[in-house]
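Data file: my_file07.cif. Format and content: mmCIF, C-alpha atoms.
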data_input
loop_
_atom_site.label_atom_id
_atom_site.label_comp_id
_atom_site.auth_asym_id
_atom_site.auth_seq_id
_atom_site.Cartn_x
_atom_site.Cartn_y
_atom_site.Cartn_z
CA MET A 7 157.64 20.52 106.80
CA SER A 8 155.75 22.82 109.12
CA LEU A 9 152.36 24.02 107.90
CA SER A 10 151.77 27.27 106.03
CA LYS A 11 148.96 29.54 107.24
CA GLU A 12 146.77 28.22 104.43
CA GLU A 13 147.48 24.59 105.34
CA LEU A 14 146.74 25.36 108.98
CA ALA A 15 143.40 26.93 108.04
CA ALA A 16 142.58 23.86 105.95
CA LEU A 17 143.43 21.60 108.87
CA VAL A 18 141.08 23.47 111.22
CA ALA A 19 138.34 23.39 108.58
CA ARG A 20 138.77 19.61 108.23
CA ASP A 21 138.06 19.14 111.95
CA ILE A 22 134.88 21.24 112.09
CA PRO A 23 131.95 18.82 112.11
CA ALA A 24 129.42 19.10 109.27
CA GLY A 25 126.37 21.12 110.19
CA SER A 26 128.08 23.07 112.98
CA TYR A 27 127.28 26.65 113.92
CA VAL A 28 130.69 28.30 113.94
CA ASN A 29 132.21 31.66 114.84
CA LEU A 30 135.57 32.49 113.27
CA GLY A 31 137.62 35.13 115.09
CA ILE A 32 139.17 38.17 113.46
CA GLY A 33 142.47 37.69 111.64
CA GLN A 34 143.91 34.30 110.83
CA PRO A 35 140.80 32.30 111.87
CA THR A 36 138.83 34.10 109.13
CA LYS A 37 140.85 32.10 106.58
CA VAL A 38 139.20 28.88 107.79
CA ALA A 39 136.06 29.87 105.89
CA ASP A 40 137.93 29.45 102.59
CA TYR A 41 138.44 25.75 103.32
CA LEU A 42 134.98 24.75 104.54
CA LYS A 43 133.38 22.48 101.96
CA PRO A 44 130.24 24.00 100.40
CA ASP A 45 128.25 20.86 101.23
CA SER A 46 129.43 20.80 104.87
CA GLY A 47 126.33 22.61 106.06
CA VAL A 48 128.46 24.73 108.39
CA VAL A 49 126.68 27.98 109.30
CA LEU A 50 128.90 30.94 110.15
CA HIS A 51 127.96 33.30 112.97
CA THR A 52 129.29 36.84 113.16
CA GLU A 53 129.14 38.60 116.53
CA ASN A 54 127.64 41.75 115.04
CA GLY A 55 124.35 39.97 114.54
CA MET A 56 124.15 37.43 111.73
CA LEU A 57 123.97 33.72 111.03
CA GLY A 58 124.54 32.48 107.51
CA MET A 59 127.38 34.83 106.67
CA GLY A 60 128.81 34.36 103.18
CA PRO A 61 132.19 35.23 101.65
CA ALA A 62 133.66 38.73 101.50
CA ALA A 63 131.69 41.07 99.23
CA GLU A 64 133.27 42.33 96.04
CA GLY A 65 132.37 45.11 93.61
CA ASP A 66 128.64 45.73 93.42
CA GLU A 67 127.99 43.32 96.29
CA ILE A 68 129.55 45.70 98.83
CA ASP A 69 126.90 47.02 101.23
CA THR A 70 128.10 49.10 104.18
CA ASP A 71 125.21 47.76 106.28
CA LEU A 72 126.54 44.20 105.93
CA THR A 73 129.93 43.56 107.52
CA ASN A 74 131.69 40.93 109.57
CA ALA A 75 133.26 41.32 113.01
CA GLY A 76 136.36 42.79 111.39
CA LYS A 77 134.16 45.44 109.69
CA ILE A 78 134.90 43.90 106.28
CA PRO A 79 131.92 43.90 103.85
CA VAL A 80 130.51 40.38 103.49
CA THR A 81 127.58 38.68 101.79
CA GLU A 82 124.55 36.77 103.06
CA LEU A 83 123.76 33.18 102.16
CA PRO A 84 120.26 31.70 101.67
CA GLY A 85 118.83 30.99 105.11
CA ALA A 86 120.69 33.86 106.76
CA SER A 87 119.20 35.70 109.73
CA TYR A 88 119.91 38.97 111.52
CA PHE A 89 119.56 39.73 115.22
CA HIS A 90 120.66 42.40 117.68
CA HIS A 91 123.80 42.37 119.77
CA ALA A 92 122.30 41.12 123.03
CA ASP A 93 120.81 38.15 121.18
CA SER A 94 124.06 37.53 119.32
CA PHE A 95 126.01 37.26 122.55
CA ALA A 96 123.26 35.36 124.36
CA MET A 97 123.68 32.84 121.55
CA MET A 98 127.36 32.48 122.51
CA ARG A 99 127.04 32.66 126.27
CA GLY A 100 124.07 30.32 126.26
CA GLY A 101 126.12 27.55 124.67
CA HIS A 102 124.32 27.48 121.33
CA LEU A 103 127.41 27.89 119.13
CA ASP A 104 129.15 24.60 118.41
CA VAL A 105 132.63 25.87 117.62
CA CYS A 106 134.64 29.04 117.75
CA VAL A 107 138.12 29.50 116.31
CA LEU A 108 140.34 32.10 117.93
CA GLY A 109 143.90 33.32 117.65
CA ALA A 110 146.09 33.45 120.76
CA PHE A 111 149.18 34.97 122.33
CA GLN A 112 149.37 32.07 124.79
CA VAL A 113 147.46 28.95 125.81
CA SER A 114 148.18 27.21 129.11
CA ALA A 115 148.36 23.47 129.71
CA GLY A 116 145.08 23.79 131.61
CA GLY A 117 143.34 25.45 128.66
CA ASP A 118 143.53 29.06 129.83
CA LEU A 119 143.54 31.51 126.91
CA ALA A 120 145.38 34.84 126.58
CA ASN A 121 144.58 36.62 123.33
CA TRP A 122 143.38 40.16 123.98
CA HIS A 123 146.13 42.20 125.59
CA THR A 124 149.89 41.98 125.70
CA GLY A 125 149.93 43.76 129.04
CA ALA A 126 152.40 46.31 127.61
CA PRO A 127 151.98 49.58 129.54
CA ASP A 128 151.48 51.67 126.37
CA ALA A 129 149.00 49.26 124.73
CA ILE A 130 145.39 50.42 124.50
CA PRO A 131 143.30 47.54 125.83
CA ALA A 132 140.60 46.25 123.46
CA VAL A 133 138.74 43.01 124.10
CA GLY A 134 135.81 42.97 121.68
CA GLY A 135 133.91 39.70 121.85
CA ALA A 136 136.86 37.48 122.72
CA MET A 137 135.99 36.87 126.37
CA ASP A 138 132.36 36.04 125.58
CA LEU A 139 133.34 33.68 122.77
CA ALA A 140 136.02 31.94 124.81
CA ILE A 141 133.63 30.89 127.56
CA GLY A 142 130.53 30.52 125.41
CA ALA A 143 131.15 28.19 122.48
CA LYS A 144 130.84 24.46 123.12
CA GLN A 145 134.25 23.87 121.58
CA VAL A 146 137.05 26.43 121.45
CA LEU A 147 139.77 25.88 118.85
CA VAL A 148 142.88 28.02 118.89
CA MET A 149 145.08 28.53 115.84
CA MET A 150 148.51 30.10 116.24
CA SER A 151 152.18 29.62 115.45
CA LEU A 152 153.61 27.44 118.23
CA PHE A 153 156.79 29.42 118.74
CA ALA A 154 157.17 33.16 119.21
CA LYS A 155 159.81 35.06 117.25
CA ASP A 156 162.27 34.61 120.14
CA GLY A 157 161.77 30.84 119.94
CA SER A 158 159.74 30.54 123.14
CA SER A 159 156.64 28.36 123.10
CA LYS A 160 153.19 29.94 123.22
CA LEU A 161 151.86 26.76 124.81
CA VAL A 162 152.88 27.40 128.39
CA PRO A 163 152.47 25.94 131.91
CA GLU A 164 150.66 29.15 132.98
CA CYS A 165 149.85 32.21 130.86
CA THR A 166 151.91 35.30 131.62
CA TYR A 167 149.79 37.62 129.45
CA PRO A 168 146.43 38.89 130.81
CA LEU A 169 143.81 36.14 130.52
CA THR A 170 140.82 36.05 128.19
CA GLY A 171 139.20 32.99 129.76
CA LEU A 172 139.91 30.17 132.19
CA HIS A 173 139.96 26.48 131.18
CA CYS A 174 138.20 27.22 127.93
CA VAL A 175 140.47 25.92 125.12
CA ASP A 176 139.80 22.42 123.77
CA ARG A 177 142.28 22.16 120.92
CA VAL A 178 145.34 24.08 119.73
CA TYR A 179 146.26 24.03 116.04
CA THR A 180 149.78 25.19 115.26
CA ASP A 181 152.20 25.15 112.35
CA VAL A 182 154.18 22.25 113.85
CA ALA A 183 151.65 20.25 115.86
CA THR A 184 148.06 19.98 116.98
CA PHE A 185 147.23 19.52 120.65
CA HIS A 186 144.18 18.38 122.59
CA ILE A 187 143.75 19.93 126.03
CA THR A 188 142.39 17.05 128.13
CA PRO A 189 141.64 16.63 131.83
CA ASP A 190 144.77 14.46 132.01
CA GLY A 191 147.04 16.98 130.30
CA VAL A 192 148.13 18.14 126.88
CA ALA A 193 148.05 15.43 124.21
CA VAL A 194 149.76 15.70 120.81
CA ALA A 195 147.43 14.72 118.01
CA GLU A 196 149.68 15.33 115.00
CA THR A 197 153.12 16.75 114.28
CA PHE A 198 154.33 18.50 111.13
CA GLY A 199 158.04 18.53 110.30
CA ILE A 200 159.15 17.84 113.87
CA SER A 201 159.50 14.61 115.83
CA PHE A 202 157.51 14.05 118.99
CA ASP A 203 160.73 13.94 121.02
CA ASP A 204 162.04 17.21 119.57
CA LEU A 205 158.67 18.81 120.23
CA ALA A 206 158.60 17.58 123.83
CA GLU A 207 162.13 18.90 124.27
CA ARG A 208 161.11 22.44 123.26
CA LEU A 209 158.01 22.64 125.46
CA ASP A 210 157.84 23.32 129.20
CA VAL A 211 154.52 21.49 129.24
CA PRO A 212 154.37 17.75 129.97
CA LEU A 213 152.75 15.80 127.14
CA VAL A 214 150.43 12.84 127.64
CA PRO A 215 149.48 10.16 125.10
CA LEU A 216 146.44 10.89 122.94
CA ALA A 217 143.47 8.88 124.14
CA GLU A 218 142.16 6.47 121.51
CA MET B 29 104.70 60.13 125.42
CA SER B 30 104.08 61.03 121.83
CA LEU B 31 106.80 60.81 119.22
CA LEU B 32 108.61 63.84 117.89
CA VAL B 33 109.21 63.56 114.17
CA ALA B 34 111.94 66.15 113.86
CA ASP B 35 112.47 68.14 110.68
CA THR B 36 116.19 68.46 111.27
CA THR B 37 118.87 66.58 113.17
CA ASP B 38 119.47 69.77 115.20
CA GLU B 39 115.87 69.67 116.40
CA ALA B 40 116.25 65.95 117.12
CA VAL B 41 119.20 66.37 119.51
CA ALA B 42 118.00 69.57 121.25
CA GLY B 43 118.32 69.67 125.01
CA ILE B 44 121.06 67.10 125.57
CA ALA B 45 122.70 68.22 128.82
CA ASP B 46 126.37 68.53 129.69
CA GLY B 47 127.53 65.50 131.66
CA SER B 48 125.03 63.14 129.99
CA THR B 49 125.65 59.47 129.39
CA VAL B 50 125.03 58.97 125.67
CA LEU B 51 124.61 55.51 124.14
CA ILE B 52 125.69 55.59 120.50
CA GLY B 53 124.75 52.71 118.20
CA GLY B 54 126.83 51.19 115.47
CA PHE B 55 129.52 48.59 114.94
CA GLY B 56 132.29 50.34 113.13
CA MET B 57 130.33 52.54 110.70
CA ALA B 58 127.41 50.10 110.22
CA GLY B 59 124.44 51.53 112.09
CA MET B 60 126.42 54.55 113.29
CA PRO B 61 124.07 57.59 113.46
CA VAL B 62 126.64 59.94 111.97
CA ASP B 63 124.22 62.80 111.25
CA LEU B 64 122.93 62.78 114.83
CA ILE B 65 126.50 62.86 116.14
CA ASP B 66 127.28 65.80 113.85
CA ALA B 67 124.20 67.54 115.25
CA LEU B 68 125.34 66.75 118.80
CA ILE B 69 128.68 68.42 117.99
CA ARG B 70 126.82 71.55 116.84
CA GLN B 71 124.51 71.39 119.86
CA GLY B 72 127.56 71.65 122.09
CA ALA B 73 126.93 69.27 125.01
CA THR B 74 130.20 68.37 126.68
CA ASP B 75 131.68 66.31 129.56
CA LEU B 76 129.85 63.33 128.07
CA THR B 77 130.19 59.66 128.90
CA VAL B 78 129.79 57.80 125.61
CA VAL B 79 128.86 54.12 125.45
CA SER B 80 129.53 52.59 122.03
CA ASN B 81 131.19 49.43 120.75
CA ASN B 82 134.12 51.27 119.23
CA ALA B 83 135.77 54.61 119.88
CA GLY B 84 135.40 56.19 116.48
CA ASN B 85 136.74 55.58 113.00
CA GLY B 86 138.63 58.07 110.87
CA ASP B 87 137.63 61.69 111.41
CA THR B 88 133.84 61.51 111.25
CA GLY B 89 131.02 60.62 113.62
CA LEU B 90 132.17 59.59 117.08
CA ALA B 91 135.78 60.35 116.17
CA ALA B 92 134.77 63.96 115.41
CA LEU B 93 132.95 64.26 118.75
CA LEU B 94 136.05 62.97 120.51
CA ALA B 95 138.29 65.34 118.56
CA LYS B 96 136.20 68.28 119.82
CA GLY B 97 137.01 67.30 123.40
CA ARG B 98 133.38 66.68 124.33
CA VAL B 99 133.87 63.18 125.72
CA ARG B 100 135.12 62.69 129.29
CA LYS B 101 134.84 58.91 129.28
CA MET B 102 134.39 56.12 126.72
CA ILE B 103 132.79 52.83 127.68
CA CYS B 104 133.40 50.39 124.84
CA SER B 105 134.60 46.90 123.95
CA PHE B 106 137.07 47.64 121.17
CA PRO B 107 138.57 51.15 121.05
CA ARG B 108 141.72 50.22 119.15
CA GLN B 109 141.26 49.85 115.39
CA SER B 110 143.30 50.56 112.32
CA ASP B 111 141.65 53.97 111.96
CA SER B 112 140.99 54.96 115.60
CA TYR B 113 143.83 57.48 115.68
CA VAL B 114 141.71 60.27 117.18
CA PHE B 115 140.84 58.20 120.25
CA ASP B 116 144.32 56.70 120.47
CA GLY B 117 145.91 60.15 120.63
CA LEU B 118 143.51 61.48 123.28
CA TYR B 119 143.92 58.34 125.38
CA ARG B 120 147.70 58.47 125.29
CA GLU B 121 147.58 62.15 126.30
CA GLY B 122 145.33 61.25 129.24
CA LYS B 123 142.48 63.37 127.85
CA VAL B 124 139.81 60.66 127.86
CA GLU B 125 138.99 57.91 130.34
CA LEU B 126 138.41 54.38 129.09
CA GLU B 127 136.37 51.53 130.52
CA VAL B 128 136.80 48.40 128.43
CA VAL B 129 133.83 46.03 128.67
CA PRO B 130 133.58 42.64 126.95
CA GLN B 131 131.22 43.10 124.03
CA GLY B 132 128.58 40.69 125.28
CA ASN B 133 128.60 42.30 128.70
CA LEU B 134 128.25 45.72 127.09
CA ALA B 135 125.11 44.54 125.28
CA GLU B 136 123.70 42.60 128.23
CA ARG B 137 124.33 45.41 130.73
CA MET B 138 122.30 47.76 128.52
CA ARG B 139 119.67 45.06 128.03
CA ALA B 140 119.46 44.74 131.83
CA ALA B 141 119.00 48.50 132.18
CA GLY B 142 116.17 48.44 129.67
CA ALA B 143 114.55 45.39 131.25
CA GLY B 144 114.58 46.65 134.84
CA ILE B 145 117.16 44.13 136.06
CA GLY B 146 119.11 45.29 139.12
CA ALA B 147 122.29 43.38 138.19
CA PHE B 148 123.11 39.92 136.90
CA PHE B 149 125.69 37.17 137.32
CA GLY B 150 127.43 36.34 134.02
CA PRO B 151 130.26 33.95 133.11
CA THR B 152 132.21 36.28 130.82
CA GLY B 153 135.58 37.51 132.04
CA VAL B 154 135.81 35.36 135.17
CA GLY B 155 139.45 35.13 136.25
CA THR B 156 140.52 37.96 133.91
CA PRO B 157 141.63 41.54 134.65
CA LEU B 158 138.21 42.83 133.52
CA ALA B 159 136.50 41.06 136.44
CA GLU B 160 138.96 42.23 139.09
CA GLY B 161 137.27 43.70 142.14
CA LYS B 162 133.84 42.49 141.08
CA GLU B 163 131.70 40.21 143.24
CA THR B 164 131.68 36.57 142.16
CA ARG B 165 129.42 33.66 143.05
CA GLU B 166 129.48 29.91 142.53
CA ILE B 167 126.25 28.72 140.91
CA ASP B 168 125.89 25.02 140.11
CA GLY B 169 129.65 24.58 140.30
CA ARG B 170 130.52 27.42 137.93
CA THR B 171 131.88 30.86 138.83
CA PHE B 172 129.96 33.94 137.73
CA VAL B 173 130.71 37.64 138.09
CA LEU B 174 128.24 40.35 139.07
CA GLU B 175 127.58 42.90 136.34
CA HIS B 176 125.57 46.10 136.75
CA PRO B 177 123.30 47.74 134.18
CA ILE B 178 124.47 50.56 131.92
CA LYS B 179 121.73 53.15 131.51
CA GLY B 180 121.85 56.13 129.21
CA ASP B 181 120.38 59.58 129.57
CA VAL B 182 120.20 59.62 125.79
CA ALA B 183 120.57 57.02 123.03
CA LEU B 184 121.48 57.98 119.47
CA ILE B 185 120.81 55.10 117.12
CA GLY B 186 120.65 54.43 113.41
CA ALA B 187 117.74 52.47 111.93
CA HIS B 188 116.39 51.95 108.45
CA VAL B 189 112.73 53.00 108.51
CA ALA B 190 110.52 54.53 111.20
CA ASP B 191 106.78 55.09 111.17
CA ARG B 192 105.04 58.00 112.85
CA MET B 193 104.57 55.97 116.03
CA GLY B 194 108.32 55.37 116.33
CA ASN B 195 108.27 51.72 115.30
CA LEU B 196 111.64 50.89 113.81
CA VAL B 197 113.05 48.38 111.37
CA TYR B 198 116.73 47.96 110.73
CA ARG B 199 118.84 46.77 107.82
CA LYS B 200 121.22 43.78 107.90
CA THR B 201 124.09 44.00 110.40
CA ALA B 202 123.45 47.73 110.90
CA ARG B 203 120.90 46.53 113.48
CA ASN B 204 123.67 45.60 116.00
CA PHE B 205 123.29 47.65 119.22
CA GLY B 206 120.29 49.75 118.11
CA PRO B 207 117.45 47.64 119.54
CA VAL B 208 119.22 47.19 122.89
CA MET B 209 120.19 50.85 123.26
CA ALA B 210 116.63 51.87 122.37
CA THR B 211 115.44 50.20 125.58
CA ALA B 212 118.17 51.56 127.83
CA ALA B 213 118.01 55.36 127.71
CA ASP B 214 115.61 58.02 128.98
CA THR B 215 115.51 59.78 125.62
CA VAL B 216 115.91 57.68 122.49
CA ILE B 217 116.64 59.45 119.22
CA ALA B 218 116.72 57.48 115.96
CA GLN B 219 118.19 58.55 112.64
CA VAL B 220 116.46 56.72 109.80
CA SER B 221 116.57 56.80 106.04
CA ARG B 222 112.86 57.56 105.88
CA VAL B 223 109.78 58.08 108.03
CA VAL B 224 106.56 56.45 106.78
CA ASP B 225 102.92 56.73 107.78
CA VAL B 226 101.40 54.58 110.48
CA GLY B 227 100.38 51.23 109.04
CA GLU B 228 103.07 51.12 106.39
CA ILE B 229 105.36 48.88 108.45
CA ASP B 230 104.11 45.31 108.83
CA PRO B 231 103.69 44.82 112.60
CA GLU B 232 105.32 41.37 112.23
CA VAL B 233 108.61 42.91 111.15
CA VAL B 234 108.89 45.73 113.69
CA VAL B 235 112.14 45.22 115.63
CA THR B 236 111.97 48.18 118.01
CA PRO B 237 108.39 48.98 119.07
CA GLY B 238 107.59 52.68 119.21
CA ILE B 239 107.15 52.68 122.99
CA TYR B 240 110.93 52.93 123.30
CA VAL B 241 111.46 55.75 120.83
CA ASP B 242 111.12 59.47 121.60
CA ARG B 243 112.35 61.26 118.51
CA VAL B 244 113.02 60.27 114.91
CA VAL B 245 114.54 62.18 112.04
CA ALA B 246 115.14 61.27 108.42
CA ALA B 247 118.74 61.99 107.46
#
For this file, write the structure as structure tokens.
Amino acid sequence: MSLSKEELAALVARDIPAGSYVNLGIGQPTKVADYLKPDSGVVLHTENGMLGMGPAAEGDEIDTDLTNAGKIPVTELPGASYFHHADSFAMMRGGHLDVCVLGAFQVSAGGDLANWHTGAPDAIPAVGGAMDLAIGAKQVLVMMSLFAKDGSSKLVPECTYPLTGLHCVDRVYTDVATFHITPDGVAVAETFGISFDDLAERLDVPLVPLAE
Amino acid sequence: MSLLVADTTDEAVAGIADGSTVLIGGFGMAGMPVDLIDALIRQGATDLTVVSNNAGNGDTGLAALLAKGRVRKMICSFPRQSDSYVFDGLYREGKVELEVVPQGNLAERMRAAGAGIGAFFGPTGVGTPLAEGKETREIDGRTFVLEHPIKGDVALIGAHVADRMGNLVYRKTARNFGPVMATAADTVIAQVSRVVDVGEIDPEVVVTPGIYVDRVVAA
């Protein structure tokens, strides 16, 4: 069976090392927070100036001065800190964040990421913090469905959508397989409900064995 | 220059010229100086270049300024949101220019302006459409792109408390762009929830020192 969105989020959470400083992108990556173990010591960063972000705020907890990158009201955990935007992005760009998790339209075999713009002529371009995160975090994890609605793979030899960052993706977590982007090529780490051969058949990207 | 503690938001925004570049704080609505923007609408300045993370939410604040046709150009990282219909409509009709800047570059370019940096080489956006036409340089084997400062004629920011010397403290994630914008404009105007006497803010917790701030108003 392929993974549900919840199972995929749990899988990404499993692979985040204890004690990491982590930024979760807007949308599906936000779900990863639900599966981080409370004793993992993972500290969540939000680009709008906070470390130690807690779960979404509910009821009386809602404070319009305390939101996440998606502008959703959140809470603060003990040990939280606030800082301004230039510091928040210096933290990314300076390589201080251990992990970021981002969604994607496409990832190339060389680790290029396309996740901000479809390139459609009528689309209003909006990049937010994606380009800074992609090149800043020590490890960039992408979570996405592997196949688009038309059946084409989003893991591609070269991205056709406008790029977010070059050679920045380390791992790709999808509903049917997880991939490591290595200097030698794309390695399959796990498959879900599909055989390795069937997977290889559907991809235009050569697959290499996973290094031990 | 001494601080103006304005009695009204109209007094606080007086004199903003047509054609100004206005830095507007806030991330979504958090830290957005909505009352100052409303005063700017009444004041009437037009042909503005507005630098802000987003391009307005709903019908208030920056969205209202846009709806009045006062903004010639938006410089922002993320104009498109679920409730950015005012900007979306103007953009599709060709009535407002847009320069999309990666969020970290937006912050750092204003920081550079406030810190007297001529330009800087950064890694963000290399190889992407947002770095097209910009000078690049290899430094220690990595490619960087040249980014220029963004300086404002005016900054409108939201803070939590000011004292009568213009020292500011912020609240939670409403801090966002405020401290950076406060350094990067000729005239810095802060909307706060209250103005206290000198000495009432612990110097250890001041985030924006009063040297950067020209006018404050409680709103």
Closest-contact table, chain A side, partner chain B, 6 Å, counting only C-alpha atoms, as CSV:
residue,atom,partner,partner_atom,distance
A:Asn54,CA,B:Asn204,CA,5.6
A:Gly55,CA,B:Thr201,CA,5.8
A:Asp71,CA,B:Ala202,CA,4.9
A:Leu72,CA,B:Thr201,CA,5.1
A:His90,CA,B:Asn204,CA,4.7
A:His91,CA,B:Asn204,CA,5.0
A:Ala92,CA,B:Ala135,CA,5.0
A:Phe95,CA,B:Gly132,CA,5.1
A:Ala132,CA,B:Phe106,CA,4.4
A:Val133,CA,B:Ser105,CA,5.7
A:Gly134,CA,B:Ser105,CA,4.7
A:Gly135,CA,B:Gln131,CA,4.9
A:Met137,CA,B:Gly153,CA,5.7
A:Asp138,CA,B:Thr152,CA,5.2
A:Leu169,CA,B:Thr156,CA,5.1
For C-alpha atoms, I'd like the residues from the last selection saved as a tab-separated table (two decimals), in the frame of the given file.
chain	number	residue	atom	x	y	z
A	54	ASN	CA	127.64	41.75	115.04
A	55	GLY	CA	124.35	39.97	114.54
A	71	ASP	CA	125.21	47.76	106.28
A	72	LEU	CA	126.54	44.20	105.93
A	90	HIS	CA	120.66	42.40	117.68
A	91	HIS	CA	123.80	42.37	119.77
A	92	ALA	CA	122.30	41.12	123.03
A	95	PHE	CA	126.01	37.26	122.55
A	132	ALA	CA	140.60	46.25	123.46
A	133	VAL	CA	138.74	43.01	124.10
A	134	GLY	CA	135.81	42.97	121.68
A	135	GLY	CA	133.91	39.70	121.85
A	137	MET	CA	135.99	36.87	126.37
A	138	ASP	CA	132.36	36.04	125.58
A	169	LEU	CA	143.81	36.14	130.52
*Starting from the shown file, work through the PyMOL selection byres ((chain A and resi 173-187) around 6) and note down what comes out as a list of chain:residue names.*
A:Ser8, A:Leu9, A:Gly116, A:Gly117, A:Asp118, A:Ile141, A:Val146, A:Leu147, A:Val148, A:Met149, A:Met150, A:Ser151, A:Leu152, A:Leu172, A:Thr188, A:Val192, A:Ala193, A:Val194, A:Ala195, A:Glu196, A:Thr197, A:Phe198
*Can you tell me, as a VMD selection string, what residues are no more than 9 Å from Pro168 in chain A when counting only C-alpha atoms, ignoring any on the same chain fewer than 2 positions away?*
(chain A and resid 119 to 125 165 to 166 170) or (chain B and resid 156 to 157)
*Check which residues satisfy the PyMOL selection byres ((chain B and resi 187) around 6) in the file shown, then give them as a PyMOL selection string.*
chain B and resi 186+188+198+220
*Using all atoms listed in the file, which residue out of B:Ile239, B:Ala190, B:Val197, B:Val114 lies closest to Asn85 in chain B?*
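Closest to Asn85 in chain B of all the choices is B:Val114.
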Each side padded by 5 Å, which centre and which edge lengths in Å (one decimal) define the axis-aligned box around the listed atoms of range 14-22 of chain A? Give them as lines of an AutoDock Vina configuration file.
center_x = 140.8
center_y = 23.0
center_z = 109.0
size_x = 21.9
size_y = 17.8
size_z = 16.1
*Counting all atoms listed in the file, which of B:Leu174, B:Ile52, B:Leu94, B:Ile185 gets nearest to Glu125 in chain B?*
B:Leu94
*Measure the distance from CA of Lys101 in chain B to CA of Gly76 in chain A in Å and round it to one decimal.*
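Separation between CA of Lys101 in chain B and CA of Gly76 in chain A: 24.1 Å.
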*asked:* Ranking B:Thr36, B:Ala91, B:Leu51, B:Ile217 by minimum distance to Gly117 in chain B and counting only C-alpha atoms, which one comes first?
replied: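 Once distances to Gly117 in chain B are computed over only C-alpha atoms, the minimum belongs to B:Ala91.
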Give me the result of the PyMOL selection byres ((chain A and resi 84) around 10) on this file, residue by residue, as a PDB file with C-alpha atoms, keeping the file's coordinate frame.
ATOM      1  CA  GLY A  58     124.540  32.480 107.510  1.00  0.00           C
ATOM      2  CA  MET A  59     127.380  34.830 106.670  1.00  0.00           C
ATOM      3  CA  GLY A  60     128.810  34.360 103.180  1.00  0.00           C
ATOM      4  CA  GLU A  82     124.550  36.770 103.060  1.00  0.00           C
ATOM      5  CA  LEU A  83     123.760  33.180 102.160  1.00  0.00           C
ATOM      6  CA  GLY A  85     118.830  30.990 105.110  1.00  0.00           C
ATOM      7  CA  ALA A  86     120.690  33.860 106.760  1.00  0.00           C
ATOM      8  CA  SER A  87     119.200  35.700 109.730  1.00  0.00           C
TER       9      SER A  87
END
